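Since the structure comes first, as structure tokens, the remarks are kept for the end.
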Amino acid sequence: MALRDRLKVRGLLVVCLFVLSAIAFLDRTNISIAGMSLRNELGIDDIHLGWVFSAFLLGYAAFQVVGGWMACRFGPRRVLAVGVLWWGIFSALTTIASPRLAHPLLFLFMIRFSLGAGEAVIYPASNQLVARWIPVAERGRANGWIFAGVGAGAGLSIPALAWLISNYGWRSCFWFSAAVGIVAALVWYVIARDSPEEHPLVSSGELKLIQSTRFVRNESSAQHLPSWRESLLNRNVVALALSYFAFGYVAWIFFSWFFIYLAQVRGLNLKANALLSMIPFIAMTVCCLAGGLISDALAARFGLRAGRCGIAVVAFVLTAIFLILGSRAQSAFAASMILAGGAGALYLSQSSFWSVSADIAGERSGVVSGVMNMGCQIAGAVTASLTPWLAVHYGWNSAFVVAAALVFLGGMLWLFVDPVRPRGHRQIRSHKRQVAVEIVAKTPS
């Protein structure tokens, strides 16, 4: 059999998206690793540093829907290539920050806001590609790999960037991030195509499989494209956005503050901190992959609602328990391990969010997932500033308790999500549910 007949191009694209996802989180967490050095040079406190963290997330949240629309309009290939180049440019511009500037804090705020606006395209565009390339039965695993890049990028960057900062100063980590991003953008543009019909390496067998199993709905319902209002203002999308708000609130405690928490509260030096700070992100990577596999397996056996929603409810409840227990642990090692359990449990649900948004939105996955992801990033902006305020006024334990309560409520919202219900349809016939279950069960891996 020829190489082009054996090659599963969709798998190659998922690996590429894993790498881009890792780079995206390298670019957004580098400032947390450099935060203490940057804070000392500029003479700012944790609350003002939190404003800088929030600036990225404000830009990221504000342009989620725009990024999704651009992916729908211009295709994920071009949008992601331009987006990754944008990240590299603004990562490099971060190095200009200096006490010699008239308003260094304002400058950093604007740079991080702009970086966030550019990164807003990454997951809506990725989800648009998933909806076009990945069969329903493979979406849990595909999204598991894509979002495993989150943990890999954030976790592996900690020792690498800590080493760079120790030897070459805090600016070196931003130059490194910029260089990696520019190379990745060029590679992505060469490899990717917007749809399998356009890719020269897609075999006829793979193309037939993708085309026949791309949609949850049967052919008659797939032909009906609801209005934008129907697509966005329905129970599924609202519940996903609110639940993803809770997800983002907890996740960004780890991305923005965990490194600083271990240094200030647990008293770790840079080397020990770099090692222990990796643990939650390793847990995120492993559990994100496991969550995707479990989601697809449960969906094949019990249907999409059990596979997508069931694991998310369990994951959120476990996260709340781990956060409360970890915040009360006595040693830094115990706290890192237990809190890592919370981070891992949270990421068991990650593929469910993105798989469901692709399941229900089809060709409008980019915009619908952008709306959902906007909730997550607004939460990140809130936690970036609220977490240090709670820690200063009420202690770090209270900050983790607030996060635990919010994530528990977010888990309960999954009880209102139905991944078999097409957006904009109030009535669902039982045979459509059966079609969805059969697609998931019969599609080959």
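Chain labels follow the order of the structure tokens: the first chain is A, the next B, and so on; residue numbering restarts at 1 in every chain, and ligands are counted from 1 in their shown order.
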Looking only at the backbone, which of the residues in stretch 228-326 of chain A does DSSP tag as alpha helix (DSSP H), as an MDAnalysis selection string? chainID A and resid 228:232 235:252 258:264 270:302 304:305 311:326
Output C-alpha atoms for every residue in the selection just made, as a PDB file, in the first residue's frame.
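Generated file (part-v3.pdb):
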ATOM      1  CA  TRP A 228     -26.662  32.994  14.042  1.00  0.00           C
ATOM      2  CA  ARG A 229     -29.082  33.863  16.847  1.00  0.00           C
ATOM      3  CA  GLU A 230     -30.280  30.268  17.017  1.00  0.00           C
ATOM      4  CA  SER A 231     -26.695  29.004  16.889  1.00  0.00           C
ATOM      5  CA  LEU A 232     -25.468  31.102  19.811  1.00  0.00           C
ATOM      6  CA  ARG A 235     -29.220  26.181  26.342  1.00  0.00           C
ATOM      7  CA  ASN A 236     -26.172  24.201  25.261  1.00  0.00           C
ATOM      8  CA  VAL A 237     -24.021  27.195  24.392  1.00  0.00           C
ATOM      9  CA  VAL A 238     -24.989  29.169  27.506  1.00  0.00           C
ATOM     10  CA  ALA A 239     -24.331  26.201  29.818  1.00  0.00           C
ATOM     11  CA  LEU A 240     -20.987  25.471  28.140  1.00  0.00           C
ATOM     12  CA  ALA A 241     -19.857  29.109  28.390  1.00  0.00           C
ATOM     13  CA  LEU A 242     -20.796  29.390  32.077  1.00  0.00           C
ATOM     14  CA  SER A 243     -19.207  26.058  32.942  1.00  0.00           C
ATOM     15  CA  TYR A 244     -16.071  27.000  31.020  1.00  0.00           C
ATOM     16  CA  PHE A 245     -15.954  30.187  33.101  1.00  0.00           C
ATOM     17  CA  ALA A 246     -15.548  27.985  36.181  1.00  0.00           C
ATOM     18  CA  PHE A 247     -12.955  25.876  34.361  1.00  0.00           C
ATOM     19  CA  GLY A 248     -10.950  28.946  33.406  1.00  0.00           C
ATOM     20  CA  TYR A 249     -11.067  30.450  36.884  1.00  0.00           C
ATOM     21  CA  VAL A 250      -9.334  27.386  38.336  1.00  0.00           C
ATOM     22  CA  ALA A 251      -6.971  26.757  35.424  1.00  0.00           C
ATOM     23  CA  TRP A 252      -5.587  30.272  35.515  1.00  0.00           C
ATOM     24  CA  PHE A 258       1.056  28.697  41.168  1.00  0.00           C
ATOM     25  CA  PHE A 259       4.758  29.396  40.601  1.00  0.00           C
ATOM     26  CA  ILE A 260       4.558  32.554  42.704  1.00  0.00           C
ATOM     27  CA  TYR A 261       2.419  30.786  45.352  1.00  0.00           C
ATOM     28  CA  LEU A 262       5.071  28.118  45.874  1.00  0.00           C
ATOM     29  CA  ALA A 263       7.792  30.763  46.129  1.00  0.00           C
ATOM     30  CA  GLN A 264       6.026  33.173  48.475  1.00  0.00           C
ATOM     31  CA  LEU A 270      13.923  28.958  42.006  1.00  0.00           C
ATOM     32  CA  LYS A 271      15.289  25.461  41.293  1.00  0.00           C
ATOM     33  CA  ALA A 272      12.942  23.592  43.660  1.00  0.00           C
ATOM     34  CA  ASN A 273      10.026  25.746  42.536  1.00  0.00           C
ATOM     35  CA  ALA A 274      10.691  24.974  38.873  1.00  0.00           C
ATOM     36  CA  LEU A 275      10.560  21.238  39.587  1.00  0.00           C
ATOM     37  CA  LEU A 276       7.451  21.216  41.789  1.00  0.00           C
ATOM     38  CA  SER A 277       5.608  23.696  39.569  1.00  0.00           C
ATOM     39  CA  MET A 278       5.827  21.186  36.717  1.00  0.00           C
ATOM     40  CA  ILE A 279       3.717  18.594  38.547  1.00  0.00           C
ATOM     41  CA  PRO A 280       0.257  20.165  37.945  1.00  0.00           C
ATOM     42  CA  PHE A 281       1.038  20.666  34.263  1.00  0.00           C
ATOM     43  CA  ILE A 282       2.239  17.082  33.843  1.00  0.00           C
ATOM     44  CA  ALA A 283      -1.049  16.025  35.450  1.00  0.00           C
ATOM     45  CA  MET A 284      -2.952  18.258  33.020  1.00  0.00           C
ATOM     46  CA  THR A 285      -1.199  16.669  30.035  1.00  0.00           C
ATOM     47  CA  VAL A 286      -1.769  13.085  31.153  1.00  0.00           C
ATOM     48  CA  CYS A 287      -5.374  13.643  32.222  1.00  0.00           C
ATOM     49  CA  CYS A 288      -6.246  15.605  29.099  1.00  0.00           C
ATOM     50  CA  LEU A 289      -5.192  12.634  26.976  1.00  0.00           C
ATOM     51  CA  ALA A 290      -6.951  10.203  29.314  1.00  0.00           C
ATOM     52  CA  GLY A 291     -10.103  12.326  29.343  1.00  0.00           C
ATOM     53  CA  GLY A 292     -10.315  12.252  25.556  1.00  0.00           C
ATOM     54  CA  LEU A 293      -9.925   8.469  25.457  1.00  0.00           C
ATOM     55  CA  ILE A 294     -12.457   7.926  28.245  1.00  0.00           C
ATOM     56  CA  SER A 295     -14.928  10.320  26.629  1.00  0.00           C
ATOM     57  CA  ASP A 296     -14.832   8.502  23.283  1.00  0.00           C
ATOM     58  CA  ALA A 297     -15.039   5.081  24.970  1.00  0.00           C
ATOM     59  CA  LEU A 298     -18.058   6.055  27.076  1.00  0.00           C
ATOM     60  CA  ALA A 299     -19.709   7.708  24.076  1.00  0.00           C
ATOM     61  CA  ALA A 300     -19.302   4.550  22.012  1.00  0.00           C
ATOM     62  CA  ARG A 301     -20.806   2.409  24.781  1.00  0.00           C
ATOM     63  CA  PHE A 302     -23.477   4.642  26.308  1.00  0.00           C
ATOM     64  CA  LEU A 304     -22.638  11.056  23.464  1.00  0.00           C
ATOM     65  CA  ARG A 305     -24.293  12.526  26.552  1.00  0.00           C
ATOM     66  CA  ILE A 311     -16.959  12.638  32.672  1.00  0.00           C
ATOM     67  CA  ALA A 312     -17.152  16.445  32.964  1.00  0.00           C
ATOM     68  CA  VAL A 313     -19.424  16.322  36.030  1.00  0.00           C
ATOM     69  CA  VAL A 314     -17.151  13.833  37.803  1.00  0.00           C
ATOM     70  CA  ALA A 315     -14.027  15.795  36.842  1.00  0.00           C
ATOM     71  CA  PHE A 316     -15.339  19.079  38.261  1.00  0.00           C
ATOM     72  CA  VAL A 317     -16.414  17.522  41.568  1.00  0.00           C
ATOM     73  CA  LEU A 318     -13.017  15.850  41.993  1.00  0.00           C
ATOM     74  CA  THR A 319     -11.304  19.163  41.239  1.00  0.00           C
ATOM     75  CA  ALA A 320     -13.199  20.919  44.034  1.00  0.00           C
ATOM     76  CA  ILE A 321     -12.173  18.218  46.535  1.00  0.00           C
ATOM     77  CA  PHE A 322      -8.491  18.325  45.558  1.00  0.00           C
ATOM     78  CA  LEU A 323      -8.343  22.127  45.763  1.00  0.00           C
ATOM     79  CA  ILE A 324      -9.662  22.197  49.310  1.00  0.00           C
ATOM     80  CA  LEU A 325      -7.399  19.375  50.492  1.00  0.00           C
ATOM     81  CA  GLY A 326      -4.304  20.691  48.722  1.00  0.00           C
TER      82      GLY A 326
END
Pick out the residues sitting within 9 Å of A:Leu42, and hand them over as a PyMOL selection string; count only C-alpha atoms, and ignore anything fewer than 3 positions along from it in its own chain. chain A and resi 37-39+97-99+104-105
Keeping only all heavy atoms, write those residues as a CSV table (one decimal), in the first residue's frame.
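Saved result, out16.csv, follows:
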chain,number,residue,atom,x,y,z
A,37,SER,N,11.2,38.5,38.6
A,37,SER,CA,12.3,39.4,38.1
A,37,SER,C,11.8,40.6,37.5
A,37,SER,O,12.3,41.7,37.7
A,37,SER,CB,13.1,38.6,37.1
A,37,SER,OG,13.7,37.4,37.6
A,38,LEU,N,10.7,40.5,36.7
A,38,LEU,CA,10.1,41.7,36.1
A,38,LEU,C,9.5,42.6,37.2
A,38,LEU,O,9.7,43.8,37.1
A,38,LEU,CB,9.0,41.2,35.2
A,38,LEU,CG,8.2,42.2,34.4
A,38,LEU,CD1,9.1,42.9,33.4
A,38,LEU,CD2,7.1,41.6,33.6
A,39,ARG,N,8.9,42.1,38.2
A,39,ARG,CA,8.3,42.9,39.3
A,39,ARG,C,9.4,43.7,40.0
A,39,ARG,O,9.3,44.8,40.3
A,39,ARG,CB,7.6,42.0,40.2
A,39,ARG,CG,6.9,42.7,41.4
A,39,ARG,CD,6.4,41.7,42.4
A,39,ARG,NE,7.5,40.9,42.9
A,39,ARG,CZ,7.4,39.8,43.7
A,39,ARG,NH1,6.2,39.4,44.0
A,39,ARG,NH2,8.5,39.2,44.2
A,97,ALA,N,10.0,46.5,27.9
A,97,ALA,CA,9.6,47.0,29.2
A,97,ALA,C,10.8,47.3,30.0
A,97,ALA,O,11.8,46.5,30.2
A,97,ALA,CB,8.7,46.0,29.9
A,98,SER,N,10.8,48.5,30.6
A,98,SER,CA,12.0,49.0,31.4
A,98,SER,C,11.6,50.2,32.3
A,98,SER,O,10.6,50.9,32.0
A,98,SER,CB,13.1,49.5,30.4
A,98,SER,OG,14.1,50.2,31.1
A,99,PRO,N,12.3,50.3,33.4
A,99,PRO,CA,11.9,51.5,34.3
A,99,PRO,C,12.2,52.8,33.6
A,99,PRO,O,11.7,53.9,34.0
A,99,PRO,CB,12.9,51.3,35.5
A,99,PRO,CG,13.3,49.9,35.5
A,99,PRO,CD,13.3,49.5,34.0
A,104,PRO,N,5.9,52.2,32.3
A,104,PRO,CA,6.2,50.8,32.0
A,104,PRO,C,5.0,49.9,32.2
A,104,PRO,O,4.8,48.9,31.5
A,104,PRO,CB,7.4,50.5,32.8
A,104,PRO,CG,7.4,51.5,34.0
A,104,PRO,CD,6.8,52.7,33.3
A,105,LEU,N,4.3,50.2,33.3
A,105,LEU,CA,3.1,49.3,33.6
A,105,LEU,C,2.1,49.3,32.5
A,105,LEU,O,1.5,48.3,32.0
A,105,LEU,CB,2.5,49.6,34.9
A,105,LEU,CG,1.5,48.7,35.5
A,105,LEU,CD1,2.1,47.3,35.7
A,105,LEU,CD2,0.9,49.2,36.8
For A:Val82, work out the shell of residues within 9 Å, counting only C-alpha atoms and skipping chain neighbours fewer than 4 positions away, then give it as a PyMOL selection string. chain A and resi 77-78+86-87+118+185
Long-range neighbours of stretch 64-71 of chain A as a ChimeraX atom specification, 10 Å cut-off, only C-alpha atoms, 5 positions minimum in chain: /A:59,76-80,83,116-129,194,364-375,377
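The space between atom CA of A:Trp175 and atom CA of A:Thr95 spans 7.8 Å.
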Using only C-alpha atoms, what does the table of stretch 127-156 of chain A residues within 9 Å of stretch 21-32 of chain A look like, with each row giving the shortest atom pair and its distance in Å to one decimal, sorted by chain and ascending number, as CSV?
residue,atom,partner,partner_atom,distance
A:Ile146,CA,A:Ser21,CA,6.4
A:Phe147,CA,A:Ser21,CA,6.7
A:Ala148,CA,A:Ala22,CA,7.9
A:Gly149,CA,A:Ala22,CA,4.2
A:Val150,CA,A:Ala22,CA,5.3
A:Gly151,CA,A:Ala22,CA,7.4
A:Ala152,CA,A:Ala22,CA,5.9
A:Gly153,CA,A:Ala22,CA,3.8
A:Ala154,CA,A:Phe25,CA,5.5
A:Gly155,CA,A:Leu26,CA,8.7
A:Leu156,CA,A:Leu26,CA,8.5
Export of prior selection with C-alpha atoms as a compact mmCIF listing (two decimals), in the first residue's frame:
# COMPACT_ATOMS: atom_id res chain seq x y z
CA ILE A 146 -4.68 19.31 21.23
CA PHE A 147 -5.24 20.41 24.82
CA ALA A 148 -2.51 18.15 26.16
CA GLY A 149 -0.36 20.82 24.56
CA VAL A 150 -1.60 23.17 27.28
CA GLY A 151 0.02 21.11 30.03
CA ALA A 152 3.07 20.29 27.93
CA GLY A 153 3.68 23.91 26.97
CA ALA A 154 3.13 25.29 30.43
CA GLY A 155 4.92 22.47 32.25
CA LEU A 156 7.99 22.01 30.07
Test item: residues at most 6 Å from stretch 45-52 of chain A, only C-alpha atoms, excluding those fewer than 6 positions along its chain, as a PDB file with N, CA and C atoms, in the first residue's frame:
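Written output follows (out.pdb):
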ATOM      1  N   PHE A 109       0.825  46.403  29.924  1.00  0.00           N
ATOM      2  CA  PHE A 109      -0.601  46.111  29.800  1.00  0.00           C
ATOM      3  C   PHE A 109      -1.010  46.062  28.332  1.00  0.00           C
ATOM      4  N   ALA A 384      -6.875  36.297  37.724  1.00  0.00           N
ATOM      5  CA  ALA A 384      -5.535  36.885  37.730  1.00  0.00           C
ATOM      6  C   ALA A 384      -5.434  38.057  38.701  1.00  0.00           C
ATOM      7  N   SER A 385      -6.534  38.801  38.840  1.00  0.00           N
ATOM      8  CA  SER A 385      -6.536  39.941  39.762  1.00  0.00           C
ATOM      9  C   SER A 385      -7.209  39.623  41.096  1.00  0.00           C
TER      10      SER A 385
END
